[in-house]
Amino acid sequence: MKILIVEDEQKTADYLCKGLTEQGCAVDVAHNGVDGQHLALQHDYDVIVLDVMLPGIDGFAVLHALREIKQTPVIMLTARDRVEDRIKGLQGGADDYLVKPFSFLELLARLQALTRRGRALEPAQLRIADLQIDLISRKAYRANVRIDLTAKEFSLLAVLARRQGEILSKTAIAELVWDMNFDSNTNVVEVAIKRLRAKIDTPFSPKLLHTIRGMGYVLEPREPREPHEPQEPRTQESSE
Ligand code: CA
């Protein structure tokens, strides 16, 4: 999940950034309205956490500019005594609000609810062959056995699983999972793919995570030939 936090209070921004990163989210932080608006318009976030009171242009102005162009889910952070702010935010197209101070767990629950709504067509669980991925609890199972994944490995798996059958380039993966521009000197994607493959594929069959030379990676059960073609006995393996 890719999240933008627009919050001028350094402490709150750091706290949210750290907490969400630990949840496996890719997080951008803007400390004023101008930067927040720029990032919100330039990039595709799954959700934006937008403080109302910001230096420069306030949260309402950012929301207004955003809603002219896109429907990225927005949760606004408002002050306790500012009921009119909540109403103004919701009328301006915010999807939800939280009153400061709020608990991190509440924010997390609201973010999850919002992104579920945003991706109405996305099921809570994805399945590829006997690999089962629960996007809400962030757990994966293969042949009903729980696979122990780090937060980044889970994010990588989820990114591939959402686009199963589709070849994803290293650049796309780097941006979607690590929120970074791909640098050809880094092999972070390759290393992570290798680790993930060892966990989800090595003891199992069919193999699901495939490297497509020169193009990227794809998650799909690989059949030896088109499913509609008559299956021949596997006698050709020795010829290659
Ligand atoms: Ca503020």
# chains A, B, ... in the order shown; residues from 1 in each chain; ligands from 1
call {"tool": "residues_near_ligand", "arguments": {"ligand": "ligand 1", "cutoff": "9 Å", "atoms": "only C-alpha atoms and all ligand atoms", "output": "PDB file with all heavy atoms, in the first residue's frame"}}
result
ATOM      1  N   VAL A   6       0.425  14.031   4.700  1.00  0.00           N
ATOM      2  CA  VAL A   6       0.654  15.474   4.635  1.00  0.00           C
ATOM      3  C   VAL A   6       0.406  16.012   6.039  1.00  0.00           C
ATOM      4  O   VAL A   6      -0.738  16.085   6.498  1.00  0.00           O
ATOM      5  CB  VAL A   6      -0.272  16.161   3.607  1.00  0.00           C
ATOM      6  CG1 VAL A   6       0.154  17.611   3.409  1.00  0.00           C
ATOM      7  CG2 VAL A   6      -0.272  15.417   2.277  1.00  0.00           C
ATOM      8  N   GLU A   7       1.470  16.320   6.719  1.00  0.00           N
ATOM      9  CA  GLU A   7       1.386  16.686   8.135  1.00  0.00           C
ATOM     10  C   GLU A   7       2.591  17.554   8.478  1.00  0.00           C
ATOM     11  O   GLU A   7       3.728  17.164   8.235  1.00  0.00           O
ATOM     12  CB  GLU A   7       1.377  15.389   8.977  1.00  0.00           C
ATOM     13  CG  GLU A   7       1.609  15.556  10.449  1.00  0.00           C
ATOM     14  CD  GLU A   7       0.535  16.377  11.134  1.00  0.00           C
ATOM     15  OE1 GLU A   7      -0.528  15.807  11.491  1.00  0.00           O
ATOM     16  OE2 GLU A   7       0.770  17.592  11.319  1.00  0.00           O
ATOM     17  N   ASP A   8       2.321  18.746   9.029  1.00  0.00           N
ATOM     18  CA  ASP A   8       3.429  19.665   9.317  1.00  0.00           C
ATOM     19  C   ASP A   8       4.091  19.406  10.668  1.00  0.00           C
ATOM     20  O   ASP A   8       5.210  19.841  10.885  1.00  0.00           O
ATOM     21  CB  ASP A   8       2.959  21.125   9.239  1.00  0.00           C
ATOM     22  CG  ASP A   8       1.815  21.415  10.192  1.00  0.00           C
ATOM     23  OD1 ASP A   8       0.862  20.616  10.214  1.00  0.00           O
ATOM     24  OD2 ASP A   8       1.872  22.419  10.916  1.00  0.00           O
ATOM     25  N   GLU A   9       3.387  18.718  11.565  1.00  0.00           N
ATOM     26  CA  GLU A   9       4.025  18.433  12.862  1.00  0.00           C
ATOM     27  C   GLU A   9       5.011  17.290  12.664  1.00  0.00           C
ATOM     28  O   GLU A   9       4.613  16.156  12.399  1.00  0.00           O
ATOM     29  CB  GLU A   9       2.981  17.997  13.886  1.00  0.00           C
ATOM     30  CG  GLU A   9       2.132  19.120  14.428  1.00  0.00           C
ATOM     31  CD  GLU A   9       0.952  18.532  15.205  1.00  0.00           C
ATOM     32  OE1 GLU A   9       1.200  17.812  16.187  1.00  0.00           O
ATOM     33  OE2 GLU A   9      -0.190  18.770  14.795  1.00  0.00           O
ATOM     34  N   HIS A  31       5.536  18.038   4.403  1.00  0.00           N
ATOM     35  CA  HIS A  31       5.392  18.807   5.641  1.00  0.00           C
ATOM     36  C   HIS A  31       4.645  20.120   5.443  1.00  0.00           C
ATOM     37  O   HIS A  31       4.535  20.922   6.360  1.00  0.00           O
ATOM     38  CB  HIS A  31       6.766  19.058   6.264  1.00  0.00           C
ATOM     39  CG  HIS A  31       7.441  17.785   6.696  1.00  0.00           C
ATOM     40  ND1 HIS A  31       7.040  17.090   7.810  1.00  0.00           N
ATOM     41  CD2 HIS A  31       8.446  17.069   6.140  1.00  0.00           C
ATOM     42  CE1 HIS A  31       7.791  15.998   7.942  1.00  0.00           C
ATOM     43  NE2 HIS A  31       8.648  15.958   6.934  1.00  0.00           N
ATOM     44  N   ASN A  32       4.158  20.355   4.235  1.00  0.00           N
ATOM     45  CA  ASN A  32       3.318  21.539   4.018  1.00  0.00           C
ATOM     46  C   ASN A  32       2.349  21.254   2.869  1.00  0.00           C
ATOM     47  O   ASN A  32       2.485  20.250   2.166  1.00  0.00           O
ATOM     48  CB  ASN A  32       4.187  22.774   3.728  1.00  0.00           C
ATOM     49  CG  ASN A  32       5.047  22.569   2.487  1.00  0.00           C
ATOM     50  OD1 ASN A  32       4.529  22.424   1.384  1.00  0.00           O
ATOM     51  ND2 ASN A  32       6.356  22.534   2.666  1.00  0.00           N
ATOM     52  N   ASP A  51      -3.608  16.385   6.871  1.00  0.00           N
ATOM     53  CA  ASP A  51      -3.895  17.265   7.995  1.00  0.00           C
ATOM     54  C   ASP A  51      -4.624  18.507   7.466  1.00  0.00           C
ATOM     55  O   ASP A  51      -4.391  18.939   6.337  1.00  0.00           O
ATOM     56  CB  ASP A  51      -2.560  17.658   8.661  1.00  0.00           C
ATOM     57  CG  ASP A  51      -2.776  18.391   9.968  1.00  0.00           C
ATOM     58  OD1 ASP A  51      -3.829  18.184  10.607  1.00  0.00           O
ATOM     59  OD2 ASP A  51      -1.895  19.180  10.353  1.00  0.00           O
ATOM     60  N   VAL A  52      -5.537  19.060   8.280  1.00  0.00           N
ATOM     61  CA  VAL A  52      -6.270  20.253   7.838  1.00  0.00           C
ATOM     62  C   VAL A  52      -5.400  21.506   7.977  1.00  0.00           C
ATOM     63  O   VAL A  52      -5.244  22.285   7.038  1.00  0.00           O
ATOM     64  CB  VAL A  52      -7.585  20.420   8.636  1.00  0.00           C
ATOM     65  CG1 VAL A  52      -8.199  21.788   8.380  1.00  0.00           C
ATOM     66  CG2 VAL A  52      -8.574  19.330   8.253  1.00  0.00           C
ATOM     67  N   MET A  53      -4.823  21.670   9.182  1.00  0.00           N
ATOM     68  CA  MET A  53      -4.064  22.888   9.452  1.00  0.00           C
ATOM     69  C   MET A  53      -2.630  22.717   8.976  1.00  0.00           C
ATOM     70  O   MET A  53      -1.841  22.003   9.596  1.00  0.00           O
ATOM     71  CB  MET A  53      -4.057  23.171  10.961  1.00  0.00           C
ATOM     72  CG  MET A  53      -5.446  23.271  11.568  1.00  0.00           C
ATOM     73  SD  MET A  53      -6.251  24.826  11.149  1.00  0.00           S
ATOM     74  CE  MET A  53      -5.516  25.885  12.390  1.00  0.00           C
ATOM     75  N   LEU A  54      -2.323  23.359   7.862  1.00  0.00           N
ATOM     76  CA  LEU A  54      -0.987  23.232   7.272  1.00  0.00           C
ATOM     77  C   LEU A  54      -0.460  24.617   6.913  1.00  0.00           C
ATOM     78  O   LEU A  54      -1.244  25.505   6.563  1.00  0.00           O
ATOM     79  CB  LEU A  54      -1.062  22.399   5.980  1.00  0.00           C
ATOM     80  CG  LEU A  54      -1.410  20.918   6.092  1.00  0.00           C
ATOM     81  CD1 LEU A  54      -1.749  20.358   4.717  1.00  0.00           C
ATOM     82  CD2 LEU A  54      -0.249  20.140   6.709  1.00  0.00           C
ATOM     83  N   PRO A  55       0.837  24.799   6.971  1.00  0.00           N
ATOM     84  CA  PRO A  55       1.393  26.072   6.494  1.00  0.00           C
ATOM     85  C   PRO A  55       1.293  26.147   4.967  1.00  0.00           C
ATOM     86  O   PRO A  55       1.243  25.115   4.301  1.00  0.00           O
ATOM     87  CB  PRO A  55       2.861  25.999   6.944  1.00  0.00           C
ATOM     88  CG  PRO A  55       3.160  24.561   7.129  1.00  0.00           C
ATOM     89  CD  PRO A  55       1.860  23.866   7.454  1.00  0.00           C
ATOM     90  N   ASP A  58      -3.865  25.133   3.057  1.00  0.00           N
ATOM     91  CA  ASP A  58      -4.362  24.180   4.055  1.00  0.00           C
ATOM     92  C   ASP A  58      -4.884  22.897   3.400  1.00  0.00           C
ATOM     93  O   ASP A  58      -4.912  22.759   2.172  1.00  0.00           O
ATOM     94  CB  ASP A  58      -5.413  24.831   4.966  1.00  0.00           C
ATOM     95  CG  ASP A  58      -6.716  25.152   4.240  1.00  0.00           C
ATOM     96  OD1 ASP A  58      -6.898  24.713   3.083  1.00  0.00           O
ATOM     97  OD2 ASP A  58      -7.561  25.849   4.841  1.00  0.00           O
ATOM     98  N   GLY A  59      -5.291  21.961   4.269  1.00  0.00           N
ATOM     99  CA  GLY A  59      -5.732  20.654   3.796  1.00  0.00           C
ATOM    100  C   GLY A  59      -6.942  20.722   2.868  1.00  0.00           C
ATOM    101  O   GLY A  59      -7.061  19.944   1.932  1.00  0.00           O
ATOM    102  N   LEU A  77      -7.158  14.766   9.004  1.00  0.00           N
ATOM    103  CA  LEU A  77      -6.863  14.853  10.436  1.00  0.00           C
ATOM    104  C   LEU A  77      -7.347  16.212  10.919  1.00  0.00           C
ATOM    105  O   LEU A  77      -6.904  17.247  10.414  1.00  0.00           O
ATOM    106  CB  LEU A  77      -5.351  14.711  10.670  1.00  0.00           C
ATOM    107  CG  LEU A  77      -4.700  13.453  10.085  1.00  0.00           C
ATOM    108  CD1 LEU A  77      -3.201  13.447  10.389  1.00  0.00           C
ATOM    109  CD2 LEU A  77      -5.351  12.184  10.646  1.00  0.00           C
ATOM    110  N   THR A  78      -8.279  16.201  11.844  1.00  0.00           N
ATOM    111  CA  THR A  78      -8.852  17.470  12.303  1.00  0.00           C
ATOM    112  C   THR A  78      -8.666  17.646  13.799  1.00  0.00           C
ATOM    113  O   THR A  78      -8.445  16.687  14.524  1.00  0.00           O
ATOM    114  CB  THR A  78     -10.370  17.551  11.982  1.00  0.00           C
ATOM    115  OG1 THR A  78     -11.061  16.608  12.818  1.00  0.00           O
ATOM    116  CG2 THR A  78     -10.661  17.216  10.537  1.00  0.00           C
ATOM    117  N   ALA A  79      -8.782  18.897  14.230  1.00  0.00           N
ATOM    118  CA  ALA A  79      -8.657  19.203  15.656  1.00  0.00           C
ATOM    119  C   ALA A  79      -9.973  18.859  16.357  1.00  0.00           C
ATOM    120  O   ALA A  79     -11.047  18.895  15.756  1.00  0.00           O
ATOM    121  CB  ALA A  79      -8.322  20.676  15.834  1.00  0.00           C
TER     122      ALA A  79
END
call {"tool": "select_by_dssp", "arguments": {"residues": "range 53-230 of chain A", "states": "strand (DSSP E or B)", "output": "PyMOL selection string"}}
result
chain A and resi 74-78+96-99+125-128+131-134+139-142+145-147+168+209-212+216-219
call {"tool": "write_last_selection", "arguments": {"atoms": "N, CA, C and O atoms", "output": "short mmCIF file (atom, residue, chain, number, x, y, z; two decimals), in the first residue's frame"}}
result
data_model
loop_
_atom_site.label_atom_id
_atom_site.label_comp_id
_atom_site.auth_asym_id
_atom_site.auth_seq_id
_atom_site.Cartn_x
_atom_site.Cartn_y
_atom_site.Cartn_z
N VAL A 74 -9.04 9.86 0.72
CA VAL A 74 -8.40 10.82 1.61
C VAL A 74 -8.99 10.70 3.01
O VAL A 74 -10.22 10.67 3.16
N ILE A 75 -8.12 10.61 4.00
CA ILE A 75 -8.57 10.69 5.39
C ILE A 75 -7.97 11.96 5.98
O ILE A 75 -6.78 12.20 5.89
N MET A 76 -8.85 12.80 6.54
CA MET A 76 -8.37 14.09 7.04
C MET A 76 -8.17 14.03 8.55
O MET A 76 -8.89 13.34 9.27
N LEU A 77 -7.16 14.77 9.00
CA LEU A 77 -6.86 14.85 10.44
C LEU A 77 -7.35 16.21 10.92
O LEU A 77 -6.90 17.25 10.41
N THR A 78 -8.28 16.20 11.84
CA THR A 78 -8.85 17.47 12.30
C THR A 78 -8.67 17.65 13.80
O THR A 78 -8.45 16.69 14.52
N ASP A 96 -12.98 10.16 4.86
CA ASP A 96 -13.09 9.88 6.29
C ASP A 96 -12.29 10.95 7.03
O ASP A 96 -11.58 11.75 6.41
N TYR A 97 -12.44 11.00 8.35
CA TYR A 97 -11.61 11.91 9.13
C TYR A 97 -11.25 11.26 10.45
O TYR A 97 -11.92 10.32 10.91
N LEU A 98 -10.20 11.74 11.05
CA LEU A 98 -9.82 11.31 12.39
C LEU A 98 -9.57 12.58 13.20
O LEU A 98 -9.00 13.54 12.70
N VAL A 99 -10.03 12.54 14.45
CA VAL A 99 -9.84 13.68 15.34
C VAL A 99 -8.55 13.48 16.12
O VAL A 99 -8.31 12.41 16.67
N GLN A 125 -8.93 -11.83 -0.18
CA GLN A 125 -7.97 -12.93 -0.35
C GLN A 125 -7.70 -13.15 -1.83
O GLN A 125 -8.59 -13.04 -2.66
N LEU A 126 -6.46 -13.45 -2.10
CA LEU A 126 -6.07 -13.81 -3.47
C LEU A 126 -5.59 -15.25 -3.44
O LEU A 126 -5.03 -15.72 -2.46
N ARG A 127 -5.81 -15.94 -4.56
CA ARG A 127 -5.42 -17.34 -4.61
C ARG A 127 -4.75 -17.62 -5.95
O ARG A 127 -5.26 -17.23 -7.00
N ILE A 128 -3.61 -18.25 -5.90
CA ILE A 128 -2.93 -18.70 -7.11
C ILE A 128 -2.54 -20.14 -6.84
O ILE A 128 -1.75 -20.41 -5.94
N LEU A 131 -1.62 -21.38 -3.37
CA LEU A 131 -1.09 -20.25 -2.59
C LEU A 131 -2.24 -19.31 -2.26
O LEU A 131 -2.98 -18.87 -3.15
N GLN A 132 -2.39 -19.03 -0.99
CA GLN A 132 -3.50 -18.20 -0.53
C GLN A 132 -2.93 -16.98 0.17
O GLN A 132 -2.05 -17.11 1.04
N ILE A 133 -3.42 -15.79 -0.21
CA ILE A 133 -2.87 -14.56 0.33
C ILE A 133 -4.00 -13.76 0.94
O ILE A 133 -4.95 -13.38 0.24
N ASP A 134 -3.91 -13.53 2.24
CA ASP A 134 -4.92 -12.73 2.92
C ASP A 134 -4.42 -11.31 3.03
O ASP A 134 -3.48 -11.03 3.79
N LYS A 139 -1.24 -12.31 5.69
CA LYS A 139 -0.66 -13.63 5.89
C LYS A 139 -0.77 -14.42 4.59
O LYS A 139 -1.70 -14.22 3.81
N ALA A 140 0.19 -15.30 4.39
CA ALA A 140 0.17 -16.13 3.19
C ALA A 140 0.28 -17.60 3.58
O ALA A 140 0.93 -17.95 4.57
N TYR A 141 -0.37 -18.43 2.79
CA TYR A 141 -0.37 -19.87 3.05
C TYR A 141 -0.12 -20.60 1.73
O TYR A 141 -0.63 -20.18 0.69
N ARG A 142 0.65 -21.65 1.80
CA ARG A 142 0.77 -22.50 0.61
C ARG A 142 0.43 -23.92 1.05
O ARG A 142 1.01 -24.42 2.03
N VAL A 145 -0.27 -24.29 4.59
CA VAL A 145 0.80 -24.09 5.58
C VAL A 145 1.15 -22.61 5.58
O VAL A 145 1.38 -22.01 4.52
N ARG A 146 1.18 -22.02 6.75
CA ARG A 146 1.51 -20.60 6.88
C ARG A 146 2.95 -20.37 6.44
O ARG A 146 3.86 -21.08 6.85
N ILE A 147 3.14 -19.36 5.58
CA ILE A 147 4.49 -19.00 5.13
C ILE A 147 4.91 -17.75 5.89
O ILE A 147 4.20 -16.75 5.90
N LEU A 168 5.86 -8.15 -14.49
CA LEU A 168 6.19 -6.87 -13.86
C LEU A 168 7.69 -6.64 -13.96
O LEU A 168 8.48 -7.49 -13.58
N LEU A 209 6.50 -18.41 -9.07
CA LEU A 209 7.23 -17.16 -9.29
C LEU A 209 8.32 -17.38 -10.33
O LEU A 209 9.27 -18.12 -10.10
N HIS A 210 8.13 -16.74 -11.48
CA HIS A 210 9.02 -17.01 -12.61
C HIS A 210 9.76 -15.75 -13.05
O HIS A 210 9.18 -14.66 -13.03
N THR A 211 11.01 -15.93 -13.44
CA THR A 211 11.80 -14.84 -14.00
C THR A 211 11.66 -14.88 -15.51
O THR A 211 11.85 -15.93 -16.12
N ILE A 212 11.27 -13.76 -16.09
CA ILE A 212 11.18 -13.68 -17.54
C ILE A 212 12.39 -12.86 -17.99
O ILE A 212 12.44 -11.64 -17.75
N GLY A 216 11.23 -9.20 -16.59
CA GLY A 216 10.82 -9.02 -15.20
C GLY A 216 10.37 -10.33 -14.58
O GLY A 216 10.95 -11.38 -14.84
N TYR A 217 9.29 -10.22 -13.81
CA TYR A 217 8.83 -11.38 -13.04
C TYR A 217 7.32 -11.53 -13.20
O TYR A 217 6.60 -10.56 -13.38
N VAL A 218 6.90 -12.77 -13.07
CA VAL A 218 5.46 -13.03 -13.16
C VAL A 218 5.09 -14.10 -12.13
O VAL A 218 5.87 -15.02 -11.86
N LEU A 219 3.93 -13.92 -11.55
CA LEU A 219 3.42 -14.90 -10.60
C LEU A 219 2.26 -15.63 -11.27
O LEU A 219 1.21 -15.03 -11.54
#
call {"tool": "closest_residue", "arguments": {"among": "A:Ala129, A:Ala124, A:Leu157, A:Ala143", "to": "Gly24 in chain A", "atoms": "only C-alpha atoms"}}
result
A:Leu157
call {"tool": "select_by_dssp", "arguments": {"residues": "range 65-150 of chain A", "states": "alpha helix (DSSP H)", "output": "JSON, numbers by chain"}}
result
{"A": [65, 66, 67, 68, 69, 83, 84, 85, 86, 87, 88, 89, 90, 91, 104, 105, 106, 107, 108, 109, 110, 111, 112, 113, 114, 115, 116, 117, 118]}
call {"tool": "atom_distance", "arguments": {"atom1": "CA of Asp95 in chain A", "atom2": "CA of Met1 in chain A"}}
result
17.0 Å
